[in-house]
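Novice: Below you'll find structure-v6.tsv; it's TSV, C-alpha atoms (C1' of nucleotides) and all ligand atoms.
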chain	number	residue	atom	x	y	z
X	157	MET	CA	38.71	110.00	86.57
X	158	LEU	CA	40.17	109.73	83.10
X	159	LYS	CA	43.71	109.69	84.43
X	160	LEU	CA	46.77	107.90	83.17
X	161	THR	CA	48.35	105.45	85.60
X	162	LYS	CA	51.70	106.38	86.97
X	163	LYS	CA	52.96	103.07	85.70
X	164	ALA	CA	52.10	104.01	82.15
X	165	ASP	CA	53.63	107.36	82.84
X	166	TYR	CA	56.87	105.79	83.99
X	167	GLY	CA	56.80	103.42	81.07
X	168	LEU	CA	56.67	106.27	78.62
X	169	MET	CA	59.52	108.01	80.37
X	170	ALA	CA	61.65	104.89	80.23
X	171	LEU	CA	60.89	104.32	76.58
X	172	LYS	CA	61.77	107.87	75.79
X	173	TYR	CA	65.01	107.57	77.72
X	174	LEU	CA	65.95	104.51	75.75
X	175	ALA	CA	65.12	106.29	72.52
X	176	GLU	CA	67.43	109.10	73.49
X	177	HIS	CA	70.37	106.78	74.07
X	178	PRO	CA	70.58	104.59	71.02
X	179	GLU	CA	74.34	104.29	71.44
X	180	MET	CA	73.95	102.12	74.51
X	181	PRO	CA	73.44	98.46	73.73
X	182	ALA	CA	71.40	98.06	76.90
X	183	LEU	CA	70.38	100.06	79.93
X	184	SER	CA	69.51	98.46	83.23
X	185	ALA	CA	66.29	99.19	85.06
X	186	LYS	CA	68.27	100.80	87.82
X	187	ASP	CA	70.01	103.17	85.42
X	188	ILE	CA	66.74	104.52	84.16
X	189	ALA	CA	65.16	104.63	87.57
X	190	ASP	CA	68.07	106.65	88.94
X	191	ALA	CA	67.95	109.04	86.03
X	192	TYR	CA	64.46	110.15	86.95
X	193	GLY	CA	64.03	109.21	90.58
X	194	ILE	CA	61.52	106.47	89.94
X	195	PRO	CA	61.34	103.60	92.47
X	196	ALA	CA	63.65	101.05	90.91
X	197	GLN	CA	61.71	97.91	91.75
X	198	LEU	CA	58.56	99.33	90.35
X	199	LEU	CA	60.18	100.42	87.13
X	200	ALA	CA	61.67	96.96	86.83
X	201	LYS	CA	58.27	95.39	86.83
X	202	ILE	CA	56.98	97.84	84.27
X	203	LEU	CA	59.86	97.11	81.95
X	204	GLN	CA	59.16	93.42	82.34
X	205	GLN	CA	55.63	93.95	81.16
X	206	LEU	CA	56.85	95.92	78.20
X	207	THR	CA	59.25	93.13	77.38
X	208	LYS	CA	56.51	90.55	77.57
X	209	SER	CA	54.50	92.63	75.16
X	210	GLY	CA	57.33	92.73	72.70
X	211	LEU	CA	58.14	96.41	72.96
X	212	LEU	CA	61.48	95.83	74.63
X	213	ARG	CA	64.23	93.29	74.39
X	214	SER	CA	65.98	92.25	77.59
X	215	HIS	CA	69.35	90.79	78.26
X	216	ALA	CA	70.34	89.32	81.59
X	217	GLY	CA	73.73	89.15	83.20
X	218	MET	CA	76.39	91.78	83.62
X	219	ASN	CA	76.10	94.79	81.35
X	220	GLY	CA	72.67	93.54	80.59
X	221	GLY	CA	69.51	95.56	80.55
X	222	TYR	CA	66.80	96.65	78.18
X	223	ALA	CA	66.78	97.97	74.65
X	224	LEU	CA	64.06	98.96	72.25
X	225	ALA	CA	62.79	96.06	70.22
X	226	ARG	CA	61.55	98.34	67.48
X	227	GLU	CA	62.36	101.72	66.07
X	228	ALA	CA	61.19	104.53	68.32
X	229	ARG	CA	59.20	105.88	65.42
X	230	GLU	CA	57.30	102.63	65.19
X	231	VAL	CA	56.10	102.48	68.77
X	232	SER	CA	52.96	104.39	69.69
X	233	ALA	CA	51.97	105.65	73.10
X	234	PHE	CA	48.83	103.61	72.72
X	235	GLU	CA	50.78	100.37	72.63
X	236	VAL	CA	52.65	101.33	75.75
X	237	ILE	CA	49.50	102.09	77.68
X	238	LEU	CA	47.90	98.95	76.38
X	239	ALA	CA	50.84	96.83	77.48
X	240	ILE	CA	50.92	98.30	80.96
X	241	ASP	CA	47.34	99.01	81.90
X	242	GLY	CA	45.58	96.42	79.82
X	243	PRO	CA	42.67	96.93	77.43
X	244	PHE	CA	41.84	100.52	76.77
X	245	PHE	CA	38.26	101.51	77.52
X	246	ILE	CA	36.88	104.88	78.48
X	247	THR	CA	33.72	103.38	79.91
X	248	SER	CA	33.15	100.57	82.39
X	249	CYS	CA	31.30	98.37	79.93
X	250	THR	CA	34.19	96.27	78.77
X	251	LYS	CA	31.96	93.34	77.88
X	252	GLY	CA	34.28	91.23	79.99
X	253	LYS	CA	33.92	90.86	83.72
X	254	THR	CA	33.01	93.65	86.14
X	255	GLY	CA	31.00	95.18	83.33
X	256	CYS	CA	28.19	97.60	83.93
X	257	GLU	CA	24.96	95.63	84.36
X	258	LEU	CA	22.76	98.25	82.77
X	259	THR	CA	24.48	97.79	79.46
X	260	PRO	CA	21.31	96.78	77.61
X	261	SER	CA	19.22	99.77	78.62
X	262	CYS	CA	22.06	102.22	78.23
X	263	THR	CA	21.57	104.63	75.37
X	264	ILE	CA	24.81	106.45	75.80
X	265	ARG	CA	27.11	103.57	75.25
X	266	GLU	CA	27.44	103.59	71.52
X	267	PRO	CA	28.26	107.29	71.24
X	268	LEU	CA	30.83	106.91	73.98
X	269	ALA	CA	32.41	104.05	72.14
X	270	ARG	CA	33.11	106.45	69.32
X	271	VAL	CA	34.72	108.87	71.68
X	272	ASN	CA	36.77	106.01	72.97
X	273	ASP	CA	37.98	105.21	69.48
X	274	THR	CA	38.81	108.81	68.84
X	275	ILE	CA	40.97	109.10	71.91
X	276	ALA	CA	42.62	105.82	71.07
X	277	GLY	CA	43.36	107.28	67.67
X	278	VAL	CA	45.03	110.26	69.25
X	279	LEU	CA	47.21	108.01	71.36
X	280	LYS	CA	48.06	105.84	68.39
X	281	SER	CA	49.25	108.83	66.42
X	282	ILE	CA	51.93	109.58	68.98
X	283	SER	CA	55.20	107.72	68.78
X	284	ILE	CA	57.98	107.47	71.31
X	285	GLN	CA	60.12	109.45	68.94
X	286	ASP	CA	57.63	112.29	69.00
X	287	LEU	CA	58.18	112.51	72.71
X	288	ALA	CA	61.95	112.31	72.44
X	289	GLU	CA	62.30	114.75	69.56
X	290	HIS	CA	60.58	117.58	71.28
X	291	GLU	CA	63.55	118.02	73.54
X	292	HIS	CA	63.58	121.64	74.70
X	293	PRO	CA	63.54	122.98	71.16
X	294	PRO	CA	66.49	125.37	70.76
X	295	GLY	CA	65.28	126.35	67.35
X	296	HIS	CA	61.58	125.70	67.41
X	297	ALA	CA	61.54	124.73	63.79
X	298	ARG	CA	60.20	121.26	64.26
X	299	GLU	CA	56.46	121.03	64.19
X	300	ALA	CA	54.53	117.84	64.06
X	301	SER	CA	50.79	117.63	64.00
X	302	ALA	CA	48.06	115.24	63.16
X	303	LEU	CA	44.40	115.49	62.44
X	304	VAL	CA	42.02	113.18	64.19
X	305	GLU	CA	38.51	112.76	62.95
X	306	LEU	CA	35.69	112.41	65.39
X	307	THR	CA	32.51	110.93	63.99
X	308	LEU	CA	29.38	110.99	66.09
I	326	MET	CA	43.56	103.71	83.98
I	327	LEU	CA	42.20	106.43	81.72
I	328	LYS	CA	38.64	105.55	82.57
I	329	LEU	CA	35.60	107.71	82.92
I	330	THR	CA	33.95	107.60	86.33
I	331	LYS	CA	30.57	106.02	86.50
I	332	LYS	CA	29.30	109.21	88.04
I	333	ALA	CA	30.22	111.15	84.93
I	334	ASP	CA	28.73	108.36	82.92
I	335	TYR	CA	25.46	108.59	84.80
I	336	GLY	CA	25.54	112.34	84.56
I	337	LEU	CA	25.73	112.19	80.78
I	338	MET	CA	22.88	109.73	80.66
I	339	ALA	CA	20.73	111.97	82.80
I	340	LEU	CA	21.53	115.02	80.74
I	341	LYS	CA	20.70	113.18	77.60
I	342	TYR	CA	17.41	112.00	79.07
I	343	LEU	CA	16.47	115.55	79.95
I	344	ALA	CA	17.39	116.69	76.48
I	345	GLU	CA	15.07	114.08	75.04
I	346	HIS	CA	12.12	115.26	77.08
I	347	PRO	CA	11.94	119.00	76.63
I	348	GLU	CA	8.17	118.91	77.10
I	349	MET	CA	8.50	118.12	80.78
I	350	PRO	CA	9.00	121.19	82.95
I	351	ALA	CA	10.97	119.12	85.43
I	352	LEU	CA	11.97	115.52	86.01
I	353	SER	CA	12.75	114.15	89.42
I	354	ALA	CA	15.94	112.29	90.18
I	355	LYS	CA	13.92	109.17	90.81
I	356	ASP	CA	12.26	109.37	87.40
I	357	ILE	CA	15.57	109.37	85.62
I	358	ALA	CA	17.08	106.76	87.88
I	359	ASP	CA	14.17	104.40	87.25
I	360	ALA	CA	14.37	104.94	83.52
I	361	TYR	CA	17.86	103.50	83.42
I	362	GLY	CA	18.23	101.49	86.58
I	363	ILE	CA	20.71	103.81	88.20
I	364	PRO	CA	20.83	103.91	92.02
I	365	ALA	CA	18.49	106.77	92.78
I	366	GLN	CA	20.35	108.27	95.68
I	367	LEU	CA	23.57	108.35	93.79
I	368	LEU	CA	22.01	109.96	90.78
I	369	ALA	CA	20.48	112.54	93.07
I	370	LYS	CA	23.86	113.60	94.31
I	371	ILE	CA	25.24	113.80	90.82
I	372	LEU	CA	22.39	116.01	89.72
I	373	GLN	CA	23.05	118.22	92.71
I	374	GLN	CA	26.60	118.70	91.58
I	375	LEU	CA	25.48	119.54	88.09
I	376	THR	CA	23.05	122.05	89.54
I	377	LYS	CA	25.76	123.65	91.60
I	378	SER	CA	27.84	123.98	88.46
I	379	GLY	CA	25.04	125.73	86.67
I	380	LEU	CA	24.29	123.03	84.13
I	381	LEU	CA	20.91	122.22	85.63
I	382	ARG	CA	18.14	124.11	87.32
I	383	SER	CA	16.39	122.48	90.25
I	384	HIS	CA	12.98	122.99	91.73
I	385	ALA	CA	12.04	121.54	95.10
I	386	GLY	CA	8.66	120.43	96.34
I	387	MET	CA	5.97	118.41	94.67
I	388	ASN	CA	6.24	118.01	90.94
I	389	GLY	CA	9.70	119.39	91.35
I	390	GLY	CA	12.81	118.05	89.75
I	391	TYR	CA	15.55	119.07	87.39
I	392	ALA	CA	15.62	120.78	84.04
I	393	LEU	CA	18.36	121.87	81.69
I	394	ALA	CA	19.64	125.33	82.45
I	395	ARG	CA	20.95	125.77	78.92
I	396	GLU	CA	20.20	124.49	75.47
I	397	ALA	CA	21.35	120.93	74.98
I	398	ARG	CA	23.41	122.12	72.05
I	399	GLU	CA	25.30	124.49	74.32
I	400	VAL	CA	26.42	121.96	76.90
I	401	SER	CA	29.57	119.98	76.17
I	402	ALA	CA	30.53	116.62	77.60
I	403	PHE	CA	33.65	118.27	78.88
I	404	GLU	CA	31.67	120.55	81.16
I	405	VAL	CA	29.75	117.63	82.55
I	406	ILE	CA	32.89	115.70	83.37
I	407	LEU	CA	34.48	118.78	84.81
I	408	ALA	CA	31.48	119.44	87.04
I	409	ILE	CA	31.34	115.90	88.34
I	410	ASP	CA	34.91	114.72	88.55
I	411	GLY	CA	36.70	117.98	89.05
I	412	PRO	CA	39.67	119.35	87.11
I	413	PHE	CA	40.56	117.36	84.05
I	414	PHE	CA	44.14	116.11	83.93
I	415	ILE	CA	45.55	113.09	82.18
I	416	THR	CA	48.65	113.04	84.31
I	417	SER	CA	49.16	113.15	88.07
I	418	CYS	CA	51.04	116.43	88.01
I	419	THR	CA	48.18	118.77	88.69
I	420	LYS	CA	50.44	121.39	90.25
I	421	GLY	CA	48.05	121.36	93.19
I	422	LYS	CA	48.32	118.92	96.04
I	423	THR	CA	49.19	115.23	95.71
I	424	GLY	CA	51.24	116.14	92.68
I	425	CYS	CA	54.05	114.01	91.38
I	426	GLU	CA	57.27	115.00	93.16
I	427	LEU	CA	59.50	114.32	90.21
I	428	THR	CA	57.87	117.06	88.24
I	429	PRO	CA	61.07	119.08	87.76
I	430	SER	CA	63.14	116.25	86.31
I	431	CYS	CA	60.31	114.90	84.21
I	432	THR	CA	60.87	115.36	80.51
I	433	ILE	CA	57.64	113.84	79.42
I	434	ARG	CA	55.32	116.23	81.09
I	435	GLU	CA	55.06	118.95	78.53
I	436	PRO	CA	54.29	116.64	75.62
I	437	LEU	CA	51.66	114.92	77.71
I	438	ALA	CA	50.08	118.22	78.53
I	439	ARG	CA	49.46	118.66	74.81
I	440	VAL	CA	47.82	115.29	74.62
I	441	ASN	CA	45.73	116.33	77.54
I	442	ASP	CA	44.58	119.44	75.73
I	443	THR	CA	43.80	117.45	72.64
I	444	ILE	CA	41.57	115.04	74.48
I	445	ALA	CA	39.91	117.92	76.27
I	446	GLY	CA	39.24	119.39	72.86
I	447	VAL	CA	37.57	116.22	71.73
I	448	LEU	CA	35.33	116.24	74.77
I	449	LYS	CA	34.52	119.89	74.30
I	450	SER	CA	33.39	119.29	70.76
I	451	ILE	CA	30.66	116.93	71.91
I	452	SER	CA	27.37	118.39	73.08
I	453	ILE	CA	24.54	116.72	74.91
I	454	GLN	CA	22.46	117.08	71.82
I	455	ASP	CA	24.98	115.11	69.83
I	456	LEU	CA	24.35	112.23	72.21
I	457	ALA	CA	20.59	112.59	72.07
I	458	GLU	CA	20.33	113.01	68.32
I	459	HIS	CA	21.97	109.76	67.49
I	460	GLU	CA	18.92	107.89	68.69
I	461	HIS	CA	18.84	104.52	66.95
I	462	PRO	CA	19.04	106.05	63.48
I	463	PRO	CA	16.08	104.69	61.47
I	464	GLY	CA	17.40	106.44	58.40
I	465	HIS	CA	21.06	106.83	58.99
I	466	ALA	CA	21.18	110.13	57.19
I	467	ARG	CA	22.51	112.18	60.04
I	468	GLU	CA	26.26	112.40	60.15
I	469	ALA	CA	28.19	114.70	62.37
I	470	SER	CA	31.92	114.85	62.56
I	471	ALA	CA	34.64	117.11	63.77
I	472	LEU	CA	38.34	117.42	63.18
I	473	VAL	CA	40.65	117.78	66.09
I	474	GLU	CA	44.19	118.91	65.60
I	475	LEU	CA	46.94	117.38	67.63
I	476	THR	CA	50.13	119.38	67.82
I	477	LEU	CA	53.22	117.78	69.29
C	295	DG	C1'	81.44	80.74	91.24
C	296	DA	C1'	80.45	85.29	92.37
C	297	DA	C1'	78.58	89.54	90.77
C	298	DT	C1'	75.18	91.51	88.05
C	299	DA	C1'	70.96	91.73	86.15
C	300	DC	C1'	66.37	90.07	84.72
C	301	DC	C1'	62.03	87.41	86.22
C	302	DC	C1'	57.75	86.93	88.80
C	303	DG	C1'	54.31	86.35	92.24
C	304	DA	C1'	52.68	87.71	96.85
C	305	DC	C1'	51.88	91.27	99.96
C	306	DT	C1'	50.92	95.83	102.27
C	307	DT	C1'	49.29	100.46	102.14
C	308	DC	C1'	46.81	104.13	100.48
C	309	DT	C1'	43.47	106.49	97.77
C	310	DT	C1'	39.41	106.77	95.20
C	311	DC	C1'	35.12	105.17	93.60
C	312	DG	C1'	30.52	103.49	94.00
C	313	DG	C1'	26.92	103.41	96.84
C	314	DT	C1'	23.96	104.06	101.13
C	315	DC	C1'	21.79	106.48	105.02
C	316	DC	C1'	19.65	109.98	107.25
C	317	DG	C1'	18.31	114.41	108.88
C	318	DA	C1'	17.27	118.58	107.21
C	319	DG	C1'	14.62	122.43	104.08
C	320	DT	C1'	10.91	123.50	100.17
C	321	DT	C1'	6.90	123.40	97.67
C	322	DC	C1'	2.20	122.56	96.77
C	323	DA	C1'	-2.34	119.99	96.85
C	324	DG	C1'	-6.26	119.20	99.48
L	373	DC	C1'	-2.35	124.02	107.80
L	374	DT	C1'	-0.81	119.81	107.35
L	375	DG	C1'	1.42	116.35	105.09
L	376	DA	C1'	3.10	114.08	100.85
L	377	DA	C1'	6.59	114.57	97.40
L	378	DC	C1'	10.55	116.43	96.34
L	379	DT	C1'	15.35	118.49	96.73
L	380	DC	C1'	19.54	119.39	99.57
L	381	DG	C1'	23.92	118.11	101.78
L	382	DG	C1'	26.98	115.85	104.66
L	383	DA	C1'	28.61	111.64	106.85
L	384	DC	C1'	29.57	107.14	106.27
L	385	DC	C1'	31.20	102.52	104.57
L	386	DG	C1'	32.81	98.63	101.70
L	387	DA	C1'	35.16	97.30	97.58
L	388	DA	C1'	38.35	98.00	94.16
L	389	DG	C1'	42.41	99.63	92.21
L	390	DA	C1'	46.87	101.90	92.23
L	391	DA	C1'	51.62	102.53	94.13
L	392	DG	C1'	55.15	100.54	96.07
L	393	DT	C1'	57.84	96.65	98.68
L	394	DC	C1'	59.78	92.09	99.56
L	395	DG	C1'	61.79	87.87	98.61
L	396	DG	C1'	63.08	83.96	96.14
L	397	DG	C1'	64.60	82.21	91.57
L	398	DT	C1'	67.08	82.20	87.02
L	399	DA	C1'	70.16	83.62	83.38
L	400	DT	C1'	74.73	85.67	81.82
L	401	DT	C1'	79.22	87.21	82.11
L	402	DC	C1'	83.84	87.62	83.99
X	501	LIG	S1	26.65	100.51	79.69
X	501	LIG	FE1	26.25	102.71	79.70
X	501	LIG	S2	26.29	103.21	81.86
X	501	LIG	FE2	27.20	101.18	81.75
X	501	LIG	S3	29.38	101.65	81.57
X	501	LIG	FE3	28.68	101.46	79.46
X	501	LIG	S4	28.18	103.59	78.92
X	501	LIG	FE4	28.38	103.60	81.15
X	502	LIG	S1	55.69	115.06	86.36
X	502	LIG	FE1	56.09	113.54	84.76
X	502	LIG	S2	56.02	111.62	85.87
X	502	LIG	FE2	55.09	113.10	87.27
X	502	LIG	S3	52.92	112.93	86.76
X	502	LIG	FE3	53.67	114.61	85.47
X	502	LIG	S4	54.19	113.53	83.57
X	502	LIG	FE4	53.94	111.90	85.07
Can you dump the structure from the file as structure tokens?
Specialist:
Amino acid sequence: MLKLTKKADYGLMALKYLAEHPEMPALSAKDIADAYGIPAQLLAKILQQLTKSGLLRSHAGMNGGYALAREAREVSAFEVILAIDGPFFITSCTKGKTGCELTPSCTIREPLARVNDTIAGVLKSISIQDLAEHEHPPGHAREASALVELTL
Amino acid sequence: MLKLTKKADYGLMALKYLAEHPEMPALSAKDIADAYGIPAQLLAKILQQLTKSGLLRSHAGMNGGYALAREAREVSAFEVILAIDGPFFITSCTKGKTGCELTPSCTIREPLARVNDTIAGVLKSISIQDLAEHEHPPGHAREASALVELTL
DNA sequence: GAATACCCGACTTCTTCGGTCCGAGTTCAG
DNA sequence: CTGAACTCGGACCGAAGAAGTCGGGTATTC
């Protein structure tokens, strides 16, 4: 019901954590998992997916771990979700497999596609840094905002 | 994975169909189901939920059926989703039951709540009539749009 | 070469979703 | 008044997906 997967959730947390510790050359999956109480093995697999998608860079061996492949500012929440949960579609008519069979007669599909794009736009306008910056604002001077246009 | 339920999907279709036929005093669940190829029994239950939420008005007996309780313009997609799928939350931390147990240590929750509100705002800005109006535009003169502000 | 860490697929468990069935109650035409 | 046409509402089930676990394999460093 229009809910984010916990995997994506964890992924965002991990990315944010990495963005907050740029001084470390690499952080292991276990480090991050312990920091938040996430099941380590699960987080590991998520980070692997992010690596495969080019969002992270991994390094094996001792003192190995993961590091951001790009600047935190340059990574959007949309990419993270895309990498973890696959193609982003609000509706079930993905045109691929398991699509809704009443696609032809459906009159609501095209308007919903626009909504889909709008939401995707919202997600794209959020970077990892946006998440990291808003760290318990002591002086709430920082204010970021974006306008998203919804066309029907 | 951030996907609308088919129930909500069907609900929107039904609402739109009703909005397109204001001349009928009432349409039965079967009528609507046949028009789109939706499983009739399922649609029936969805319409019942919408009735219980006050979006529809039902009339039993022969020539009975459902009719819009409000103007199509006054019903938002958000209300429909809310009525069918329950409380709207992007994340798993609903503060109710089955919530995420690492809520206290989670640093990503508050920013995500804002995203949640933003998306809810998008949904709220869409009315049933918006869906119905955009009916295969012969002259594509009609253009509706809305701006949604996203504050981080 | 041993410790550390990533890599990756298979598997189990649990929840939700999509859908069906059936036994009521209501209304109205004939 | 009787029965067809409709709504109402809960119980039920199978399939799919999500969350999490296990285990074996590979790379890197000390
Ligand atoms: S085709 Fe219509 S009913 Fe089917 S998933 Fe897409 S929007 Fe929903
Ligand atoms: S508390 Fe954090 S990790 Fe848990 S569901 Fe909410 S946002 Fe996700």
Novice: Based on only C-alpha atoms (C1' of nucleotides), which of the residues in chain X come within 12 Å of chain L? I want them as number ranges by chain.
Specialist: X: 159-164, 166, 194-201, 214-221, 241, 254
Novice: Could you tell me, counting all atoms listed in the file, which protein and nucleic acid residues lie no more than 6 Å from ligand LIG 502 (chain X), written as a PyMOL selection string?
Specialist: (chain X and resi 165) or (chain I and resi 416-418+425+427-428+431+433-434)
Novice: Return the single residue from X:Asp190, X:Asp273, X:Ile246, X:Ile284 that is closest to chain I, with distances computed using only C-alpha atoms.
Specialist: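 For chain I, the nearest of the candidates is X:Ile246.
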Novice: Can you tell me how far atom CA of Ser184 of chain X sits from atom C1' of DA296 of chain C, in Å to one decimal?
Specialist: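 Calculated distance between atom CA of Ser184 of chain X and atom C1' of DA296 of chain C is 19.4 Å.
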Novice: With all atoms listed in the file as the atoms that count, which of X:Leu211, X:Ala185, X:Ala175, X:Ile240 lies nearest to chain C?
Specialist: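 Smallest separation from chain C among the options: X:Ala185.
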Novice: Could you tell me how far atom CA of Phe244 of chain X sits from atom CA of Leu183 of chain X, in Å to one decimal place?
Specialist: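 Straight-line distance from atom CA of Leu183 of chain X to atom CA of Phe244 of chain X works out to 28.7 Å.
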Novice: Rounded to one decimal place, report the atom CA of Ile237 of chain X-atom CA of Lys280 of chain X distance in Å.
Specialist: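 Rounded to one decimal, the two atoms are 10.1 Å apart.
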